[in-house]
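Below is final-v4.txt, which holds compact mmCIF, C-alpha atoms.
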# COMPACT_ATOMS: atom_id res chain seq x y z
CA MET A 1 13.11 -21.65 -11.47
CA ALA A 2 13.16 -19.11 -8.65
CA LEU A 3 14.44 -15.68 -9.50
CA ASN A 4 17.64 -14.61 -7.85
CA ARG A 5 16.98 -11.94 -5.20
CA PHE A 6 19.43 -9.65 -7.00
CA HIS A 7 17.01 -9.55 -9.93
CA ARG A 8 14.11 -8.62 -7.70
CA ARG A 9 13.23 -5.10 -6.64
CA ARG A 10 12.10 -3.60 -3.40
CA ALA A 11 8.74 -1.89 -3.08
CA VAL A 12 6.54 0.09 -0.78
CA PHE A 13 3.03 -1.28 -0.65
CA LEU A 14 0.44 1.39 0.09
CA ASP A 15 -3.04 1.07 1.47
CA LYS A 16 -5.34 3.37 -0.51
CA ASP A 17 -8.08 4.86 1.68
CA GLY A 18 -6.76 6.87 4.61
CA THR A 19 -3.13 6.29 3.61
CA LEU A 20 -2.59 7.32 -0.01
CA VAL A 21 -5.85 9.22 -0.47
CA GLU A 22 -8.23 10.98 1.88
CA ASP A 23 -10.67 8.46 3.33
CA VAL A 24 -14.11 8.89 1.78
CA PRO A 25 -15.92 5.57 2.42
CA TYR A 26 -16.80 3.56 -0.68
CA ASN A 27 -15.74 6.37 -2.97
CA VAL A 28 -15.04 5.56 -6.62
CA ASP A 29 -15.71 9.06 -7.95
CA PRO A 30 -12.38 10.34 -9.33
CA ASP A 31 -13.47 13.94 -8.69
CA ARG A 32 -13.58 13.19 -4.95
CA ILE A 33 -10.24 11.37 -4.78
CA CYS A 34 -7.30 13.43 -3.55
CA LEU A 35 -3.91 12.52 -2.14
CA THR A 36 -3.35 12.82 1.58
CA ALA A 37 -1.24 15.72 2.84
CA ARG A 38 2.45 15.40 1.94
CA ALA A 39 1.86 12.10 0.10
CA GLY A 40 3.38 13.31 -3.16
CA ALA A 41 6.60 14.51 -1.50
CA GLY A 42 7.00 11.31 0.51
CA LEU A 43 6.33 9.02 -2.43
CA GLY A 44 8.71 11.05 -4.57
CA MET A 45 11.47 10.40 -2.03
CA LEU A 46 10.77 6.67 -2.08
CA HIS A 47 10.64 6.53 -5.87
CA ARG A 48 13.96 8.37 -6.21
CA ALA A 49 15.51 5.90 -3.75
CA GLY A 50 14.55 3.00 -6.02
CA PHE A 51 11.35 1.72 -4.41
CA ARG A 52 8.50 0.58 -6.63
CA LEU A 53 5.15 1.89 -5.37
CA VAL A 54 2.22 -0.51 -5.31
CA VAL A 55 -1.33 0.08 -4.06
CA VAL A 56 -2.97 -2.84 -2.21
CA THR A 57 -6.55 -2.13 -1.21
CA ASN A 58 -9.61 -3.90 0.14
CA GLN A 59 -12.67 -2.84 -1.85
CA SER A 60 -15.63 -4.64 -0.28
CA GLY A 61 -17.98 -2.13 -1.92
CA VAL A 62 -17.86 -4.40 -4.98
CA ALA A 63 -19.13 -7.42 -3.00
CA ARG A 64 -21.70 -5.21 -1.25
CA GLY A 65 -23.07 -4.08 -4.63
CA MET A 66 -22.21 -0.44 -3.95
CA PHE A 67 -20.20 -0.14 -7.18
CA ALA A 68 -19.04 -2.35 -10.04
CA ALA A 69 -15.53 -3.77 -10.16
CA GLU A 70 -14.99 -1.76 -13.37
CA ALA A 71 -15.22 1.45 -11.33
CA LEU A 72 -11.85 0.57 -9.80
CA VAL A 73 -10.25 0.91 -13.24
CA HIS A 74 -11.22 4.60 -13.22
CA VAL A 75 -9.91 4.95 -9.67
CA GLU A 76 -6.58 3.42 -10.68
CA HIS A 77 -6.26 5.69 -13.74
CA HIS A 78 -7.03 8.75 -11.64
CA LEU A 79 -4.43 7.74 -9.02
CA ARG A 80 -1.85 7.25 -11.75
CA ARG A 81 -2.58 10.76 -13.06
CA LEU A 82 -2.38 12.31 -9.58
CA LEU A 83 0.93 10.61 -8.88
CA ALA A 84 2.32 11.42 -12.32
CA ARG A 85 1.80 15.11 -11.53
CA GLU A 86 4.12 14.52 -8.57
CA GLY A 87 6.67 12.75 -10.80
CA VAL A 88 5.86 9.40 -9.22
CA PRO A 89 4.97 6.30 -11.25
CA LEU A 90 2.68 3.67 -9.78
CA ALA A 91 4.10 0.18 -10.39
CA GLY A 92 0.86 -1.64 -9.62
CA PHE A 93 -2.69 -1.46 -8.31
CA TYR A 94 -4.11 -4.56 -6.63
CA SER A 95 -7.56 -4.75 -5.07
CA CYS A 96 -9.61 -7.33 -3.21
CA PRO A 97 -13.30 -7.04 -4.14
CA HIS A 98 -14.40 -9.65 -1.59
CA LEU A 99 -16.22 -9.27 1.69
CA ALA A 100 -15.44 -12.60 3.36
CA ALA A 101 -12.81 -12.44 6.07
CA GLY A 102 -11.47 -15.85 4.94
CA CYS A 103 -10.48 -14.56 1.51
CA SER A 104 -6.74 -14.99 0.85
CA CYS A 105 -6.39 -11.58 -0.82
CA ARG A 106 -8.35 -9.49 1.70
CA LYS A 107 -6.08 -7.74 4.16
CA PRO A 108 -5.05 -8.76 6.83
CA GLN A 109 -4.20 -11.74 4.60
CA PRO A 110 -1.02 -11.22 2.54
CA GLY A 111 -2.42 -12.42 -0.80
CA LEU A 112 -2.38 -9.03 -2.59
CA LEU A 113 1.23 -8.39 -1.58
CA ARG A 114 2.36 -11.87 -2.60
CA ARG A 115 0.59 -11.62 -5.95
CA ALA A 116 2.17 -8.23 -6.64
CA ALA A 117 5.58 -9.56 -5.59
CA GLU A 118 5.31 -12.46 -7.99
CA GLU A 119 4.03 -10.41 -10.93
CA LEU A 120 6.34 -7.41 -10.41
CA ARG A 121 9.43 -9.35 -9.25
CA ILE A 122 9.51 -7.74 -5.82
CA ASP A 123 11.67 -8.90 -2.93
CA LEU A 124 9.22 -8.86 -0.02
CA ALA A 125 11.98 -9.02 2.61
CA ALA A 126 13.41 -5.74 1.24
CA SER A 127 10.00 -4.09 1.02
CA TRP A 128 7.60 -2.15 3.27
CA MET A 129 3.84 -1.97 3.83
CA ILE A 130 2.34 1.38 4.88
CA GLY A 131 -1.25 1.59 6.08
CA ASP A 132 -3.54 3.34 8.48
CA ILE A 133 -4.99 0.29 10.25
CA LEU A 134 -3.55 -2.78 11.91
CA ASP A 135 -4.97 -5.08 9.21
CA ASP A 136 -2.48 -3.40 6.86
CA VAL A 137 0.33 -4.06 9.32
CA GLU A 138 -0.67 -7.70 9.71
CA ALA A 139 -0.76 -8.20 5.94
CA GLY A 140 2.71 -6.68 5.60
CA ARG A 141 4.19 -8.73 8.43
CA SER A 142 2.60 -11.93 7.08
CA ALA A 143 4.18 -11.22 3.69
CA GLY A 144 7.59 -10.64 5.30
CA CYS A 145 7.74 -6.85 4.81
CA GLY A 146 8.69 -4.08 7.19
CA THR A 147 5.61 -2.20 8.35
CA VAL A 148 4.62 1.38 9.06
CA LEU A 149 1.33 2.37 10.67
CA LEU A 150 0.14 5.89 9.96
CA ASP A 151 -1.17 7.09 13.30
CA ASN A 152 -3.80 9.33 11.74
CA GLY A 153 -6.94 8.11 13.51
CA GLY A 154 -7.75 5.37 10.99
CA GLU A 155 -7.26 2.56 13.48
CA THR A 156 -10.10 2.53 15.98
CA GLU A 157 -9.91 -0.94 17.56
CA TRP A 158 -6.20 -1.25 18.51
CA GLN A 159 -6.31 -5.03 18.89
CA LEU A 160 -2.57 -5.55 19.18
CA SER A 161 -0.78 -8.87 18.87
CA PRO A 162 2.72 -9.77 17.67
CA GLU A 163 1.38 -10.07 14.09
CA ARG A 164 -0.18 -6.60 14.30
CA MET A 165 2.73 -4.71 15.87
CA PRO A 166 4.13 -2.15 13.38
CA ASP A 167 7.85 -1.64 12.98
CA MET A 168 7.29 2.12 12.91
CA LEU A 169 4.59 4.72 13.58
CA ALA A 170 4.38 7.79 11.34
CA ASP A 171 2.21 10.89 11.06
CA ASP A 172 1.86 10.80 7.25
CA LEU A 173 3.46 9.36 4.11
CA HIS A 174 6.26 11.93 4.09
CA HIS A 175 7.19 11.03 7.67
CA ALA A 176 6.96 7.30 6.83
CA ALA A 177 9.20 7.75 3.78
CA SER A 178 11.79 9.62 5.82
CA MET A 179 11.92 6.84 8.41
CA ILE A 180 12.11 4.07 5.79
CA LEU A 181 14.94 5.83 3.98
CA ARG A 182 16.93 6.34 7.16
CA GLY A 183 16.84 2.60 7.71
CA SER A 184 17.15 1.34 4.13
CA ARG A 185 20.01 0.86 1.72
CA LEU A 186 19.84 2.33 -1.75
CA GLU A 187 19.09 -0.26 -4.43
CA VAL A 188 22.15 -1.36 -6.37
CA GLY A 189 21.93 -2.35 -10.02

Encoded form (structure tokens):
Amino acid sequence: MALNRFHRRRAVFLDKDGTLVEDVPYNVDPDRICLTARAGAGLGMLHRAGFRLVVVTNQSGVARGMFAAEALVHVEHHLRRLLAREGVPLAGFYSCPHLAAGCSCRKPQPGLLRRAAEELRIDLAASWMIGDILDDVEAGRSAGCGTVLLDNGGETEWQLSPERMPDMLADDLHHAASMILRGSRLEVG
């Protein structure tokens, strides 16, 4: 039986590298993981407005043999600690360890968002995807979410199409949160 939309929650899906944390390629060392500027303040605003916060991240370093999948457990725990210091709980952490572009969970495919929505009872139509590249935007649009592209230099190819056109451009997570909240209703119930 399908869940009634009123029993589902809205969320903000967050790309990890370059969006939530400073981009250090293939980094799984918790000591080198730090939040991007103004991330804590922006995520705090979203959390207080009733959004669940969910990380969705491609981690092809697993498939490339650069680190073991178990290393992502330490990354997730470290992110939870960093966000807890900001008073922000992380509702979920979903990663794609694959390299193949045809994988259903590797962004730009929407598999990670759909899996999180099913497991966490999230209403995708009331949710947002924030990322720093157009693959993040495409994944969000394919899942039925609103999309925000952080214009922070992460996107280098700019291959635009209707599927890759963000709803909003923002400088950082605080700016993105402000724009989302101006256009969103507070959750009721």

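CA of Leu72 (chain A) is found 27.9 Å from CA of His175 (chain A).
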
Notebook entry, point to check: Excluding same-chain residues fewer than 4 positions from region 78-82 of chain A, what lies within 10 Å of it counting all atoms listed in the file, as a PyMOL selection string?
Noted result: chain A and resi 16+20-21+28-31+33-35+40+55+72-74+86-93

Selection file, C-alpha atoms, as a PDB file, keeping the file's coordinate frame:
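Below is the file part-v6.pdb, written as the result:
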ATOM      1  CA  LYS A  16      -5.340   3.370  -0.510  1.00  0.00           C
ATOM      2  CA  LEU A  20      -2.590   7.320  -0.010  1.00  0.00           C
ATOM      3  CA  VAL A  21      -5.850   9.220  -0.470  1.00  0.00           C
ATOM      4  CA  VAL A  28     -15.040   5.560  -6.620  1.00  0.00           C
ATOM      5  CA  ASP A  29     -15.710   9.060  -7.950  1.00  0.00           C
ATOM      6  CA  PRO A  30     -12.380  10.340  -9.330  1.00  0.00           C
ATOM      7  CA  ASP A  31     -13.470  13.940  -8.690  1.00  0.00           C
ATOM      8  CA  ILE A  33     -10.240  11.370  -4.780  1.00  0.00           C
ATOM      9  CA  CYS A  34      -7.300  13.430  -3.550  1.00  0.00           C
ATOM     10  CA  LEU A  35      -3.910  12.520  -2.140  1.00  0.00           C
ATOM     11  CA  GLY A  40       3.380  13.310  -3.160  1.00  0.00           C
ATOM     12  CA  VAL A  55      -1.330   0.080  -4.060  1.00  0.00           C
ATOM     13  CA  LEU A  72     -11.850   0.570  -9.800  1.00  0.00           C
ATOM     14  CA  VAL A  73     -10.250   0.910 -13.240  1.00  0.00           C
ATOM     15  CA  HIS A  74     -11.220   4.600 -13.220  1.00  0.00           C
ATOM     16  CA  GLU A  86       4.120  14.520  -8.570  1.00  0.00           C
ATOM     17  CA  GLY A  87       6.670  12.750 -10.800  1.00  0.00           C
ATOM     18  CA  VAL A  88       5.860   9.400  -9.220  1.00  0.00           C
ATOM     19  CA  PRO A  89       4.970   6.300 -11.250  1.00  0.00           C
ATOM     20  CA  LEU A  90       2.680   3.670  -9.780  1.00  0.00           C
ATOM     21  CA  ALA A  91       4.100   0.180 -10.390  1.00  0.00           C
ATOM     22  CA  GLY A  92       0.860  -1.640  -9.620  1.00  0.00           C
ATOM     23  CA  PHE A  93      -2.690  -1.460  -8.310  1.00  0.00           C
TER      24      PHE A  93
END

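If all atoms listed in the file are the atoms counted, then among A:Thr19, A:Gln109, A:Asn27, A:Thr57 the closest residue to Val148 (chain A) is A:Thr19.
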
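Between Gly44 (chain A) and the candidates A:Val75, A:Gly111, A:His98, A:Ala84, the tightest atom-to-atom separation, counting all atoms listed in the file, involves A:Ala84.
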
Margin query: Considering all atoms listed in the file, can you say which of A:Ile133, A:Leu120, A:Ser104, A:Arg10 comes closest to Trp158 (chain A)?
Written below: A:Ile133

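Of the residues listed (A:Pro25, A:Pro166, A:Gly153, A:Gly146), A:Pro166 shows the shortest atom-to-atom separation from Leu134 (chain A); distances use all atoms listed in the file.
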
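Coordinates place CA of Thr36 (chain A) at a distance of 5.2 Å from CA of Glu22 (chain A).
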
Mind checking which residues fall within 12 Å of Arg64 (chain A), counting only C-alpha atoms, ignoring those fewer than 2 positions away in the same chain, and posting them as a CSV table (one decimal) with C-alpha atoms, in the coordinates of the input?
chain,number,residue,atom,x,y,z
A,26,TYR,CA,-16.8,3.6,-0.7
A,59,GLN,CA,-12.7,-2.8,-1.8
A,60,SER,CA,-15.6,-4.6,-0.3
A,61,GLY,CA,-18.0,-2.1,-1.9
A,62,VAL,CA,-17.9,-4.4,-5.0
A,66,MET,CA,-22.2,-0.4,-4.0
A,67,PHE,CA,-20.2,-0.1,-7.2
A,68,ALA,CA,-19.0,-2.4,-10.0
A,69,ALA,CA,-15.5,-3.8,-10.2
A,97,PRO,CA,-13.3,-7.0,-4.1
A,98,HIS,CA,-14.4,-9.6,-1.6
A,99,LEU,CA,-16.2,-9.3,1.7
A,100,ALA,CA,-15.4,-12.6,3.4

Note to self: When you look at Pro110 (chain A) with a cut-off of 10 Å (counting all atoms listed in the file), what residues show up, excluding the ones that are within fewer than 3 positions of it in the same chain? I need them as an MDAnalysis selection string.
What the structure shows: chainID A and resid 56 104:107 113:115 135:144

Could those selected residues go to a file with C-alpha atoms, as a compact mmCIF listing (two decimals), keeping the file's coordinate frame?
# COMPACT_ATOMS: atom_id res chain seq x y z
CA VAL A 56 -2.97 -2.84 -2.21
CA SER A 104 -6.74 -14.99 0.85
CA CYS A 105 -6.39 -11.58 -0.82
CA ARG A 106 -8.35 -9.49 1.70
CA LYS A 107 -6.08 -7.74 4.16
CA LEU A 113 1.23 -8.39 -1.58
CA ARG A 114 2.36 -11.87 -2.60
CA ARG A 115 0.59 -11.62 -5.95
CA ASP A 135 -4.97 -5.08 9.21
CA ASP A 136 -2.48 -3.40 6.86
CA VAL A 137 0.33 -4.06 9.32
CA GLU A 138 -0.67 -7.70 9.71
CA ALA A 139 -0.76 -8.20 5.94
CA GLY A 140 2.71 -6.68 5.60
CA ARG A 141 4.19 -8.73 8.43
CA SER A 142 2.60 -11.93 7.08
CA ALA A 143 4.18 -11.22 3.69
CA GLY A 144 7.59 -10.64 5.30

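Non-sequential neighbours of Leu149 (chain A) (distance at most 6 Å, separation of 4 or more positions within a chain, all atoms listed in the file) are A:Ile130, A:Gly131, A:Asp132, A:Pro166, A:Leu169.
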
So for region 157-168 of chain A, what box centre and size do we get, axis-aligned, 3 Å extra on each of the six sides, every listed atom, Å to one decimal, as lines of an AutoDock Vina configuration file?
center_x = -1.0
center_y = -4.0
center_z = 16.0
size_x = 23.8
size_y = 18.2
size_z = 12.3

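Between CA of Ala71 (chain A) and CA of Asn58 (chain A) the separation is 13.8 Å.
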
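Shortest separation to Asp17 (chain A) among A:Asn152, A:Ser178, A:Thr147, A:Ser127 occurs at residue A:Asn152, atoms counted being all atoms listed in the file.
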
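Nearest to Arg52 (chain A) of all the residues A:His77, A:Arg85, A:Arg38, A:Arg9 is A:Arg9, based on all atoms listed in the file.
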
Got a sec to check which residues sit within 9 Å of (10.1, -5.1, -3.3), counting all atoms listed in the file, and write them as a compact mmCIF listing (two decimals) with C-alpha atoms, in the coordinates of the input?
# COMPACT_ATOMS: atom_id res chain seq x y z
CA ARG A 8 14.11 -8.62 -7.70
CA ARG A 9 13.23 -5.10 -6.64
CA ARG A 10 12.10 -3.60 -3.40
CA ALA A 11 8.74 -1.89 -3.08
CA VAL A 12 6.54 0.09 -0.78
CA PHE A 13 3.03 -1.28 -0.65
CA PHE A 51 11.35 1.72 -4.41
CA ARG A 52 8.50 0.58 -6.63
CA LEU A 53 5.15 1.89 -5.37
CA ALA A 117 5.58 -9.56 -5.59
CA LEU A 120 6.34 -7.41 -10.41
CA ARG A 121 9.43 -9.35 -9.25
CA ILE A 122 9.51 -7.74 -5.82
CA ASP A 123 11.67 -8.90 -2.93
CA LEU A 124 9.22 -8.86 -0.02
CA ALA A 125 11.98 -9.02 2.61
CA ALA A 126 13.41 -5.74 1.24
CA SER A 127 10.00 -4.09 1.02
CA TRP A 128 7.60 -2.15 3.27
CA CYS A 145 7.74 -6.85 4.81
